[in-house]
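Printed here is protein-v7.tsv (TSV, C-alpha atoms and all ligand atoms):
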```tsv
chain	number	residue	atom	x	y	z
F	46	MET	CA	-17.79	-216.39	132.98
F	47	GLU	CA	-15.98	-215.07	136.07
F	48	GLU	CA	-16.15	-217.45	139.01
F	49	ARG	CA	-17.05	-214.88	141.62
F	50	PRO	CA	-20.23	-212.79	141.64
F	51	LEU	CA	-20.38	-209.02	141.20
F	52	ARG	CA	-20.17	-207.57	144.71
F	53	VAL	CA	-22.65	-204.73	145.12
F	54	ALA	CA	-23.10	-201.99	147.74
F	55	ILE	CA	-26.50	-200.31	147.69
F	56	MET	CA	-26.57	-196.60	148.51
F	57	GLY	CA	-29.99	-195.34	149.69
F	58	LEU	CA	-31.96	-197.95	151.61
F	59	GLY	CA	-35.43	-196.64	150.74
F	60	GLY	CA	-38.37	-198.18	148.91
F	61	TYR	CA	-36.62	-199.10	145.69
F	62	GLY	CA	-33.31	-200.02	147.33
F	63	THR	CA	-35.25	-202.49	149.46
F	64	ARG	CA	-36.88	-204.00	146.39
F	65	VAL	CA	-33.54	-204.38	144.60
F	66	ALA	CA	-31.94	-206.00	147.66
F	67	GLU	CA	-34.75	-208.53	147.95
F	68	ALA	CA	-34.64	-209.34	144.24
F	69	MET	CA	-30.86	-209.78	144.40
F	70	GLN	CA	-31.27	-212.72	146.76
F	71	ALA	CA	-32.25	-214.77	143.70
F	72	CYS	CA	-29.31	-213.54	141.60
F	73	LYS	CA	-26.77	-216.03	140.29
F	74	ARG	CA	-24.06	-213.54	139.36
F	75	ALA	CA	-24.58	-210.54	141.67
F	76	ARG	CA	-24.47	-210.37	145.45
F	77	LEU	CA	-25.35	-207.64	147.93
F	78	VAL	CA	-22.28	-207.18	150.13
F	79	GLY	CA	-22.42	-203.57	151.36
F	80	VAL	CA	-24.61	-200.58	152.18
F	81	VAL	CA	-24.38	-196.80	152.31
F	82	SER	CA	-27.00	-195.09	154.44
F	83	GLY	CA	-27.46	-192.10	156.71
F	84	THR	CA	-29.72	-194.09	159.05
F	85	PRO	CA	-27.82	-196.34	161.52
F	86	SER	CA	-30.94	-198.39	162.38
F	87	LYS	CA	-31.45	-199.28	158.70
F	88	ILE	CA	-27.82	-200.34	158.39
F	89	LYS	CA	-28.23	-202.63	161.40
F	90	ALA	CA	-31.40	-204.21	160.01
F	91	TRP	CA	-29.84	-204.77	156.58
F	92	GLN	CA	-26.68	-206.21	158.13
F	93	ALA	CA	-28.76	-208.74	160.04
F	94	LYS	CA	-30.98	-209.60	157.08
F	95	TYR	CA	-28.27	-209.85	154.43
F	96	ASN	CA	-25.28	-210.84	156.55
F	97	ILE	CA	-23.31	-207.69	155.70
F	98	PRO	CA	-20.03	-207.24	157.62
F	99	ASP	CA	-19.30	-203.97	159.50
F	100	LYS	CA	-16.36	-203.21	157.21
F	101	ASN	CA	-18.75	-202.92	154.22
F	102	CYS	CA	-21.10	-200.39	155.87
F	103	TYR	CA	-20.77	-196.68	155.20
F	104	ASN	CA	-22.67	-193.47	155.84
F	105	TYR	CA	-22.57	-190.41	153.58
F	106	GLU	CA	-19.62	-188.97	155.52
F	107	THR	CA	-17.45	-192.10	155.50
F	108	PHE	CA	-18.48	-193.23	152.02
F	109	ASP	CA	-15.35	-192.02	150.20
F	110	ASN	CA	-13.30	-194.55	152.22
F	111	ILE	CA	-14.91	-197.23	150.06
F	112	LYS	CA	-11.90	-196.66	147.81
F	113	ASP	CA	-9.85	-198.72	150.28
F	114	ASN	CA	-12.32	-201.62	150.27
F	115	PRO	CA	-11.30	-204.33	147.80
F	116	ASP	CA	-14.42	-206.40	148.56
F	117	ILE	CA	-16.90	-204.09	146.79
F	118	ASP	CA	-16.98	-203.86	142.98
F	119	VAL	CA	-19.88	-201.53	142.35
F	120	VAL	CA	-22.03	-198.95	144.12
F	121	TYR	CA	-25.73	-198.93	143.18
F	122	VAL	CA	-27.00	-195.38	143.73
F	123	ILE	CA	-30.71	-195.46	144.68
F	124	THR	CA	-31.11	-192.04	146.28
F	125	PRO	CA	-33.41	-189.16	145.27
F	126	ASN	CA	-32.70	-187.84	141.76
F	127	ALA	CA	-30.86	-184.66	142.75
F	128	LEU	CA	-28.24	-186.63	144.66
F	129	HIS	CA	-27.30	-188.96	141.79
F	130	HIS	CA	-24.77	-186.53	140.30
F	131	ASP	CA	-22.72	-186.16	143.48
F	132	HIS	CA	-23.10	-189.79	144.55
F	133	VAL	CA	-22.07	-191.21	141.18
F	134	ILE	CA	-19.05	-188.93	140.87
F	135	ARG	CA	-17.91	-189.80	144.42
F	136	ALA	CA	-18.26	-193.52	143.72
F	137	ALA	CA	-16.28	-193.13	140.49
F	138	LYS	CA	-13.55	-191.16	142.25
F	139	ALA	CA	-13.34	-194.01	144.76
F	140	GLY	CA	-12.60	-196.30	141.82
F	141	LYS	CA	-15.88	-198.21	141.96
F	142	HIS	CA	-18.15	-199.07	139.05
F	143	VAL	CA	-21.52	-197.38	139.41
F	144	ILE	CA	-25.11	-198.32	138.71
F	145	CYS	CA	-27.34	-195.25	138.99
F	146	GLU	CA	-31.11	-195.20	139.19
F	147	LYS	CA	-33.19	-193.34	136.62
F	148	PRO	CA	-33.32	-190.48	135.89
F	149	MET	CA	-29.54	-190.57	135.81
F	150	ALA	CA	-29.38	-186.87	136.73
F	151	LEU	CA	-31.45	-183.68	136.70
F	152	ASN	CA	-30.33	-182.56	133.24
F	153	ALA	CA	-27.97	-183.38	130.40
F	154	LYS	CA	-25.20	-181.12	131.73
F	155	GLU	CA	-25.04	-183.08	134.97
F	156	GLY	CA	-25.33	-186.35	133.06
F	157	GLN	CA	-22.39	-185.45	130.85
F	158	GLU	CA	-20.28	-184.64	133.92
F	159	MET	CA	-21.11	-188.06	135.37
F	160	VAL	CA	-20.21	-189.84	132.13
F	161	ASP	CA	-16.93	-187.88	131.98
F	162	ALA	CA	-16.08	-188.61	135.63
F	163	CYS	CA	-16.62	-192.35	135.14
F	164	GLU	CA	-14.57	-192.35	131.95
F	165	GLN	CA	-11.77	-190.51	133.69
F	166	ALA	CA	-11.84	-192.94	136.61
F	167	LYS	CA	-11.99	-195.87	134.15
F	168	VAL	CA	-15.08	-197.30	135.80
F	169	LYS	CA	-18.32	-198.36	134.17
F	170	LEU	CA	-21.50	-196.32	134.58
F	171	LEU	CA	-24.81	-198.16	134.10
F	172	VAL	CA	-28.36	-196.87	134.57
F	173	GLY	CA	-31.04	-198.96	136.30
F	174	TYR	CA	-33.12	-199.41	133.15
F	175	ARG	CA	-34.71	-202.69	134.25
F	176	MET	CA	-37.05	-202.87	131.21
F	177	HIS	CA	-34.02	-203.36	128.98
F	178	PHE	CA	-33.80	-206.92	130.26
F	179	GLU	CA	-37.53	-207.73	130.43
F	180	PRO	CA	-38.36	-210.74	128.22
F	181	LYS	CA	-41.59	-209.52	126.52
F	182	THR	CA	-40.04	-206.11	125.90
F	183	LEU	CA	-37.00	-207.76	124.34
F	184	GLU	CA	-39.23	-209.94	122.17
F	185	VAL	CA	-40.89	-206.82	120.72
F	186	VAL	CA	-37.45	-205.29	120.12
F	187	ARG	CA	-36.34	-208.53	118.42
F	188	LEU	CA	-39.42	-208.58	116.19
F	189	ARG	CA	-38.99	-204.93	115.26
F	190	LYS	CA	-35.32	-205.52	114.39
F	191	LYS	CA	-36.26	-208.38	112.07
F	192	ASN	CA	-38.80	-206.08	110.46
F	193	ALA	CA	-41.87	-208.05	111.60
F	194	PHE	CA	-43.86	-204.80	111.94
F	195	GLY	CA	-42.64	-203.36	108.63
F	196	LYS	CA	-41.71	-199.69	108.51
F	197	ILE	CA	-42.41	-198.19	111.95
F	198	LEU	CA	-44.88	-195.32	111.77
F	199	PHE	CA	-46.05	-194.55	115.29
F	200	PHE	CA	-45.46	-195.15	118.99
F	201	GLN	CA	-47.75	-194.26	121.85
F	202	GLY	CA	-46.43	-194.29	125.43
F	203	LEU	CA	-48.72	-193.63	128.39
F	204	SER	CA	-46.91	-193.47	131.72
F	205	GLY	CA	-48.48	-192.29	134.92
F	206	PHE	CA	-49.93	-192.89	138.33
F	207	GLU	CA	-51.73	-190.87	140.95
F	208	ILE	CA	-49.10	-189.71	143.40
F	209	GLY	CA	-49.97	-189.65	147.12
F	210	ASP	CA	-48.23	-187.82	149.97
F	211	PRO	CA	-47.70	-184.19	148.91
F	212	ASN	CA	-44.63	-183.94	151.16
F	213	GLN	CA	-42.54	-186.65	149.52
F	214	TRP	CA	-39.25	-185.81	147.77
F	215	ARG	CA	-40.79	-186.67	144.36
F	216	LEU	CA	-42.85	-183.46	144.65
F	217	ASN	CA	-39.91	-181.36	145.81
F	218	LYS	CA	-38.23	-179.61	142.89
F	219	GLU	CA	-34.89	-179.47	144.74
F	220	LEU	CA	-34.71	-183.24	145.18
F	221	ALA	CA	-36.68	-184.49	142.19
F	222	GLY	CA	-35.56	-181.97	139.57
F	223	GLY	CA	-39.08	-181.79	138.16
F	224	GLY	CA	-42.23	-183.83	138.44
F	225	SER	CA	-43.86	-186.73	136.66
F	226	LEU	CA	-41.60	-186.49	133.61
F	227	MET	CA	-38.43	-187.17	135.64
F	228	ASP	CA	-39.99	-190.05	137.51
F	229	ILE	CA	-42.45	-191.89	135.27
F	230	GLY	CA	-42.61	-190.04	131.94
F	231	ILE	CA	-39.00	-191.09	131.38
F	232	TYR	CA	-40.36	-194.60	130.74
F	233	ALA	CA	-42.32	-193.34	127.74
F	234	ILE	CA	-39.28	-191.44	126.45
F	235	ASN	CA	-36.95	-194.38	126.91
F	236	GLY	CA	-39.56	-196.84	125.62
F	237	ALA	CA	-40.19	-194.79	122.48
F	238	ARG	CA	-36.47	-195.03	121.71
F	239	TYR	CA	-36.12	-198.79	122.15
F	240	MET	CA	-39.47	-199.60	120.56
F	241	VAL	CA	-39.03	-197.37	117.49
F	242	GLY	CA	-35.29	-198.07	117.34
F	243	GLU	CA	-34.30	-194.50	116.51
F	244	GLU	CA	-33.33	-191.31	118.31
F	245	PRO	CA	-35.84	-188.44	118.17
F	246	ILE	CA	-34.78	-185.28	116.36
F	247	TRP	CA	-37.50	-182.95	117.66
F	248	VAL	CA	-40.05	-182.68	120.44
F	249	THR	CA	-43.16	-180.65	121.12
F	250	ALA	CA	-44.82	-180.63	124.55
F	251	GLN	CA	-47.76	-179.23	126.49
F	252	GLU	CA	-48.07	-179.04	130.26
F	253	THR	CA	-51.33	-179.12	132.21
F	254	LYS	CA	-51.62	-178.41	135.91
F	255	THR	CA	-54.85	-178.89	137.89
F	256	ASP	CA	-53.39	-178.57	141.40
F	257	LYS	CA	-50.86	-175.78	141.94
F	258	GLN	CA	-50.68	-176.48	145.67
F	259	LYS	CA	-49.54	-180.06	145.28
F	260	PHE	CA	-47.53	-179.51	142.09
F	261	LYS	CA	-45.53	-176.39	142.78
F	262	GLU	CA	-43.50	-174.31	140.34
F	263	GLY	CA	-41.09	-176.58	138.46
F	264	VAL	CA	-42.90	-179.78	139.44
F	265	ASP	CA	-44.89	-180.99	136.45
F	266	GLU	CA	-48.17	-182.79	137.06
F	267	THR	CA	-49.06	-183.76	133.48
F	268	ILE	CA	-47.13	-183.33	130.25
F	269	GLN	CA	-48.18	-184.52	126.83
F	270	PHE	CA	-45.29	-184.67	124.41
F	271	GLN	CA	-44.63	-185.67	120.85
F	272	MET	CA	-41.39	-186.76	119.24
F	273	GLY	CA	-40.31	-186.99	115.62
F	274	PHE	CA	-37.78	-189.55	114.40
F	275	PRO	CA	-35.47	-189.38	111.36
F	276	SER	CA	-37.48	-192.02	109.44
F	277	GLY	CA	-40.63	-189.94	109.83
F	278	ALA	CA	-42.01	-192.11	112.64
F	279	LEU	CA	-43.88	-190.18	115.32
F	280	ALA	CA	-44.40	-190.71	119.04
F	281	SER	CA	-47.21	-189.34	121.17
F	282	CYS	CA	-46.79	-189.69	124.92
F	283	LEU	CA	-48.41	-188.80	128.22
F	284	SER	CA	-46.61	-188.41	131.53
F	285	THR	CA	-48.70	-187.79	134.63
F	286	TYR	CA	-48.90	-187.87	138.41
F	287	SER	CA	-52.70	-187.58	138.34
F	288	MET	CA	-54.10	-190.69	136.64
F	289	ASN	CA	-53.92	-194.35	137.53
F	290	ASN	CA	-54.02	-197.36	135.20
F	291	LEU	CA	-51.79	-195.57	132.76
F	292	ASP	CA	-48.99	-197.91	131.75
F	293	ARG	CA	-49.27	-198.71	128.07
F	294	PHE	CA	-47.04	-198.86	124.99
F	295	PHE	CA	-48.33	-199.25	121.45
F	296	LEU	CA	-46.05	-199.60	118.44
F	297	ASN	CA	-47.51	-199.39	114.97
F	298	GLY	CA	-45.84	-200.34	111.70
F	299	GLU	CA	-46.94	-200.75	108.11
F	300	GLU	CA	-47.26	-204.50	108.56
F	301	GLY	CA	-48.12	-205.05	112.19
F	302	PHE	CA	-48.25	-203.78	115.75
F	303	ALA	CA	-47.18	-204.52	119.31
F	304	GLU	CA	-48.92	-203.51	122.49
F	305	LEU	CA	-47.75	-203.84	126.07
F	306	GLN	CA	-50.07	-203.15	128.99
F	307	PRO	CA	-48.79	-202.99	131.63
F	308	SER	CA	-45.63	-201.95	129.86
F	309	THR	CA	-43.16	-200.81	132.53
F	310	GLY	CA	-44.61	-201.66	135.96
F	311	TYR	CA	-42.95	-204.34	138.06
F	312	GLY	CA	-44.85	-206.94	136.15
F	313	PRO	CA	-45.88	-209.28	134.94
F	314	ILE	CA	-45.77	-207.28	131.72
F	315	GLU	CA	-48.59	-208.31	129.38
F	316	GLY	CA	-48.75	-207.86	125.68
F	317	ARG	CA	-49.47	-209.03	122.18
F	318	THR	CA	-48.51	-208.34	118.63
F	319	HIS	CA	-50.39	-208.85	115.34
F	320	LEU	CA	-48.83	-212.33	115.44
F	321	GLY	CA	-50.47	-213.24	118.75
F	322	PRO	CA	-49.93	-212.98	122.50
F	323	LEU	CA	-46.49	-212.55	124.04
F	324	ASN	CA	-45.87	-215.58	126.23
F	325	GLN	CA	-42.36	-215.06	127.59
F	326	ALA	CA	-42.25	-215.99	131.28
F	327	HIS	CA	-42.19	-213.25	133.90
F	328	LYS	CA	-39.01	-212.95	135.91
F	329	THR	CA	-38.45	-210.42	138.67
F	330	HIS	CA	-37.07	-207.44	136.75
F	331	GLN	CA	-34.43	-206.48	139.29
F	332	THR	CA	-33.11	-210.05	139.50
F	333	ILE	CA	-32.53	-210.31	135.75
F	334	GLN	CA	-31.20	-206.75	135.64
F	335	MET	CA	-28.56	-207.38	138.29
F	336	ASP	CA	-27.48	-210.72	136.82
F	337	GLU	CA	-27.18	-209.15	133.37
F	338	MET	CA	-25.37	-206.10	134.75
F	339	ALA	CA	-22.89	-208.47	136.43
F	340	GLY	CA	-22.16	-209.87	132.97
F	341	ILE	CA	-21.76	-206.36	131.54
F	342	ILE	CA	-19.43	-205.16	134.30
F	343	MET	CA	-17.39	-208.31	134.85
F	344	ASN	CA	-17.29	-209.82	131.37
F	345	GLY	CA	-17.91	-206.85	129.07
F	346	ASN	CA	-21.19	-208.36	127.79
F	347	LYS	CA	-23.22	-206.12	125.46
F	348	PRO	CA	-26.93	-205.87	126.28
F	349	VAL	CA	-29.49	-205.82	123.43
F	350	VAL	CA	-30.67	-202.37	124.56
F	351	PRO	CA	-27.85	-200.30	126.08
F	352	VAL	CA	-27.88	-199.37	129.78
F	353	ASP	CA	-24.72	-197.27	129.90
F	354	GLY	CA	-24.24	-193.63	130.84
F	355	ALA	CA	-24.56	-192.56	127.20
F	356	GLU	CA	-28.03	-194.14	127.18
F	357	GLY	CA	-29.00	-192.27	130.35
F	358	LEU	CA	-27.68	-189.06	128.80
F	359	ARG	CA	-29.85	-189.49	125.68
F	360	ASP	CA	-32.98	-189.52	127.85
F	361	LEU	CA	-31.78	-186.46	129.77
F	362	ARG	CA	-31.28	-184.50	126.54
F	363	ILE	CA	-34.86	-185.33	125.56
F	364	ILE	CA	-36.14	-184.38	129.03
F	365	ASP	CA	-34.33	-181.02	128.74
F	366	ALA	CA	-35.91	-180.51	125.30
F	367	ILE	CA	-39.42	-181.40	126.54
F	368	TYR	CA	-39.18	-178.90	129.41
F	369	ARG	CA	-37.95	-176.25	126.95
F	370	ALA	CA	-40.84	-177.06	124.61
F	371	CYS	CA	-43.34	-176.73	127.49
F	372	GLN	CA	-41.93	-173.30	128.34
F	373	SER	CA	-41.73	-171.95	124.80
F	374	GLY	CA	-44.66	-173.68	123.13
F	375	GLN	CA	-42.28	-174.25	120.21
F	376	LYS	CA	-40.94	-177.33	118.49
F	377	VAL	CA	-37.49	-178.00	119.98
F	378	SER	CA	-34.65	-179.86	118.25
F	379	VAL	CA	-32.97	-182.58	120.25
E	401	LIG	P1	-37.30	-193.50	148.67
E	401	LIG	O1	-37.71	-192.17	149.22
E	401	LIG	O2	-38.11	-194.69	149.03
E	401	LIG	O3	-35.80	-193.81	149.09
E	401	LIG	C1	-34.78	-192.84	148.95
E	401	LIG	C2	-33.68	-193.16	149.94
E	401	LIG	O4	-32.66	-192.15	149.84
E	401	LIG	C3	-34.19	-193.13	151.40
E	401	LIG	O5	-33.70	-194.26	152.08
E	401	LIG	C4	-33.58	-191.87	151.96
E	401	LIG	O6	-33.29	-191.98	153.35
E	401	LIG	C5	-32.31	-191.76	151.15
E	401	LIG	N1	-31.74	-190.41	151.14
E	401	LIG	C6	-30.44	-190.15	151.22
E	401	LIG	N2	-30.23	-188.83	151.24
E	401	LIG	C7	-31.43	-188.25	151.18
E	401	LIG	C8	-31.86	-186.88	151.18
E	401	LIG	N3	-30.98	-185.86	151.23
E	401	LIG	N4	-33.18	-186.64	151.10
E	401	LIG	C9	-34.06	-187.64	151.02
E	401	LIG	N5	-33.71	-188.95	151.03
E	401	LIG	C10	-32.40	-189.24	151.11
E	401	LIG	O7	-37.22	-193.33	147.11
E	401	LIG	P2	-37.14	-194.51	146.04
E	401	LIG	O8	-38.49	-194.79	145.52
E	401	LIG	O9	-36.35	-195.62	146.59
E	401	LIG	O10	-36.35	-193.79	144.85
E	401	LIG	C11	-34.93	-193.66	144.85
E	401	LIG	C12	-34.42	-193.59	143.40
E	401	LIG	O11	-34.78	-194.79	142.74
E	401	LIG	C13	-35.04	-192.47	142.56
E	401	LIG	O12	-34.07	-191.93	141.71
E	401	LIG	C14	-36.12	-193.14	141.75
E	401	LIG	O13	-36.38	-192.52	140.52
E	401	LIG	C15	-35.52	-194.51	141.56
E	401	LIG	N6	-36.55	-195.56	141.38
E	401	LIG	C16	-36.44	-196.40	140.33
E	401	LIG	C17	-37.39	-197.38	140.12
E	401	LIG	C18	-37.24	-198.35	138.98
E	401	LIG	O14	-38.16	-199.12	138.74
E	401	LIG	N7	-36.12	-198.37	138.29
E	401	LIG	C19	-38.45	-197.51	141.01
E	401	LIG	C20	-38.53	-196.65	142.09
E	401	LIG	C21	-37.58	-195.67	142.26
```
Any chance you could give the structure as structure tokens?
Amino acid sequence: MEERPLRVAIMGLGGYGTRVAEAMQACKRARLVGVVSGTPSKIKAWQAKYNIPDKNCYNYETFDNIKDNPDIDVVYVITPNALHHDHVIRAAKAGKHVICEKPMALNAKEGQEMVDACEQAKVKLLVGYRMHFEPKTLEVVRLRKKNAFGKILFFQGLSGFEIGDPNQWRLNKELAGGGSLMDIGIYAINGARYMVGEEPIWVTAQETKTDKQKFKEGVDETIQFQMGFPSGALASCLSTYSMNNLDRFFLNGEEGFAELQPSTGYGPIEGRTHLGPLNQAHKTHQTIQMDEMAGIIMNGNKPVVPVDGAEGLRDLRIIDAIYRACQSGQKVSV
């Protein structure tokens, strides 16, 4: 283990950036040392709260100078979806490792460019897939790998919530890149992959819109989608911005099952399998995530479920395919 912690600058001091910063206070291997923000008052408040020196504070104009700052190892991009592409590539060009929030980008083309830029700059690109470190989730993955459920036949992923303020960036196609699928449906896509343990080869999808005012062209309200896996396993998923209490995974195999509900919220995650309840202790997701990511970046540790750019790209390819399937009404190969 390296002696010093991973030194992190958070870019985008909004709702989720705030949550990550607070959770990082309990980290053993990662430390918040810098910020990137367009709002001077936020920078001041964060400096006071987290003891961040002036030399580690940037705005979006001065950000590229971070290349000359040897006291920051990684930039954690927590800005609206459409900005991830530019922000990640700039951080990579500045020679910094990057953690990028989900969805990694607006589409697979952008995602590929980000992966390429990080490879070229020889920096690591990780995606903020916090569930990949969550103890009950990992127990289900462990059980599935040791064949405790037998041959996997079916996965159901229900991911949604009722979205409020119609003027927020999440409902703006330019900034969000889509609607519920980009924001919350991605959990069902990503979850299907780590629960089933395979990559889908086709998707079908159907979109329903009840409110065209709130959910404008290109901003999906509700999408149901299905995925087929090479083994013959099937997934049936729902992504929505119009229903609450919708956070559930169900995995079915020939010899058993697992269910998680809630499955991807901030926790505690609850669940059981045919063997009994899942009792792994809850830990703040973002605290474990950042400690584990420190191990990945500093020591080359390999997580049980990948969190690298290639992993983010796989989800983006599926998102692209789901949107194409909604448009065409056809089965789309991934
Ligand atoms: P937010 O609106 O609360 O914060 C976004 C921040 O980006 C704000 O501080 C805003 O000022 C800043 N920003 C910079 N440039 C901007 C611009 N041009 N337009 C608008 N805002 C701009 O949003 P959030 O909930 O923190 O989401 C940020 C990212 O984090 C999204 O990609 C989202 O999907 C992701 N997220 C992930 C999780 C998770 O559990 N992994 C949870 C919430 C959000």
So which residues touch segment 332-340 of chain F within 9 Å, counting all atoms listed in the file, skipping near sequence neighbours fewer than 5 positions away, as a ChimeraX atom specification?
/F:46-47,50-52,65,67-76,144,171,173-179,345-348,352
What is the atom CA of Asn192 of chain F-atom CA of Phe302 of chain F distance in Å, reported with one decimal?
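Straight-line distance from atom CA of Asn192 of chain F to atom CA of Phe302 of chain F works out to 11.1 Å.
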Taking only C-alpha atoms and all ligand atoms into account, list the residues no farther than 6 Å from ligand LIG 401 (chain E), as a ChimeraX atom specification.
/F:57-62,123-126,146-148,173,228
From the list F:Gln372, F:Asp161, F:Lys154, F:Thr329, the nearest residue to Thr253 of chain F using all atoms listed in the file is F:Gln372
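Using all atoms listed in the file, the shortest contact distance between Gly374 of chain F and any of F:Cys102, F:Ala221, F:Lys181, F:Gln251 is found at F:Gln251.
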When distances are computed from all atoms listed in the file, which of F:Ala162, F:Val78, F:Cys145, F:Leu283 shows the smallest separation from Asp99 of chain F?
F:Val78
Nearest to Glu158 of chain F by atom-to-atom distance, counting all atoms listed in the file, from F:Ala90, F:Ala66, F:Leu358, F:Ile364:
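Looking at the shortest contact to Glu158 of chain F, the residue is F:Leu358.
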Can you tell me, as a list in words, what residues are no more than 10 Å from Val119 of chain F when counting all atoms listed in the file, ignoring any on the same chain fewer than 4 positions away?
Leu51, Arg52, Val53, Ala54, Ile55, Leu77, Val78, Gly79, Ala136, Ala137, Gly140, Lys141, His142, Val143, Ile144, Val168, Lys169, Leu170, Ala339 and Ile342 of chain F
What does the distance from atom CA of Gly222 of chain F to atom CA of Ile367 of chain F come to in Å, to one decimal?
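Computed distance, atom CA of Gly222 of chain F to atom CA of Ile367 of chain F, equals 13.6 Å.
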Extract, using only C-alpha atoms, all DNA, RNA and protein residues at most 9 Å from Leu361 of chain F, discarding same-chain residues fewer than 3 positions from it, and format them as a list in words.
Pro148, Met149, Ala150, Leu151, Asn152, Ala153, Lys154, Gly156, Met227, Ile231, Glu356, Gly357, Leu358, Ile364, Asp365 and Ala366 of chain F
Distance query Ala193 of chain F at most 9 Å, all atoms listed in the file, self and fewer than 6 positions along chain excluded, as a VMD selection string
chain F and resid 187 298 300 to 302
Take the residues from that selection and put them in a file with C-alpha atoms, as an mmCIF file, in the frame of the given file.
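Result file is part_12.cif:
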```cif
data_model
loop_
_atom_site.group_PDB
_atom_site.id
_atom_site.type_symbol
_atom_site.label_atom_id
_atom_site.label_comp_id
_atom_site.auth_asym_id
_atom_site.auth_seq_id
_atom_site.Cartn_x
_atom_site.Cartn_y
_atom_site.Cartn_z
ATOM 1 C CA ARG F 187 -36.340 -208.530 118.420
ATOM 2 C CA GLY F 298 -45.840 -200.340 111.700
ATOM 3 C CA GLU F 300 -47.260 -204.500 108.560
ATOM 4 C CA GLY F 301 -48.120 -205.050 112.190
ATOM 5 C CA PHE F 302 -48.250 -203.780 115.750
#
```
For segment 155-173 of chain F, I'd like the enclosing box, axis-aligned and padded by 8 Å on every side, reported as JSON with centre and edge lengths in Å to one decimal.
```
{"center_x": -21.4, "center_y": -191.0, "center_z": 133.7, "size_x": 35.3, "size_y": 31.9, "size_z": 21.8}
```
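Computed from the coordinates, the atom CA of Pro245 of chain F to atom CA of Ala233 of chain F distance equals 12.6 Å.
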Residue neighbourhood Asn297 of chain F, 7 Å, only C-alpha atoms, exclusion window fewer than 6 positions, as a list of chain:residue names:
F:Ile197, F:Leu198, F:Phe199, F:Phe200, F:Ala303
Give the answer as one residue: which of F:Val160, F:Phe260, F:Gln201, F:His319 has the shortest atom-to-atom distance to Asp353 of chain F, using only C-alpha atoms?
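Counting only C-alpha atoms, the residue closest to Asp353 of chain F is F:Val160.
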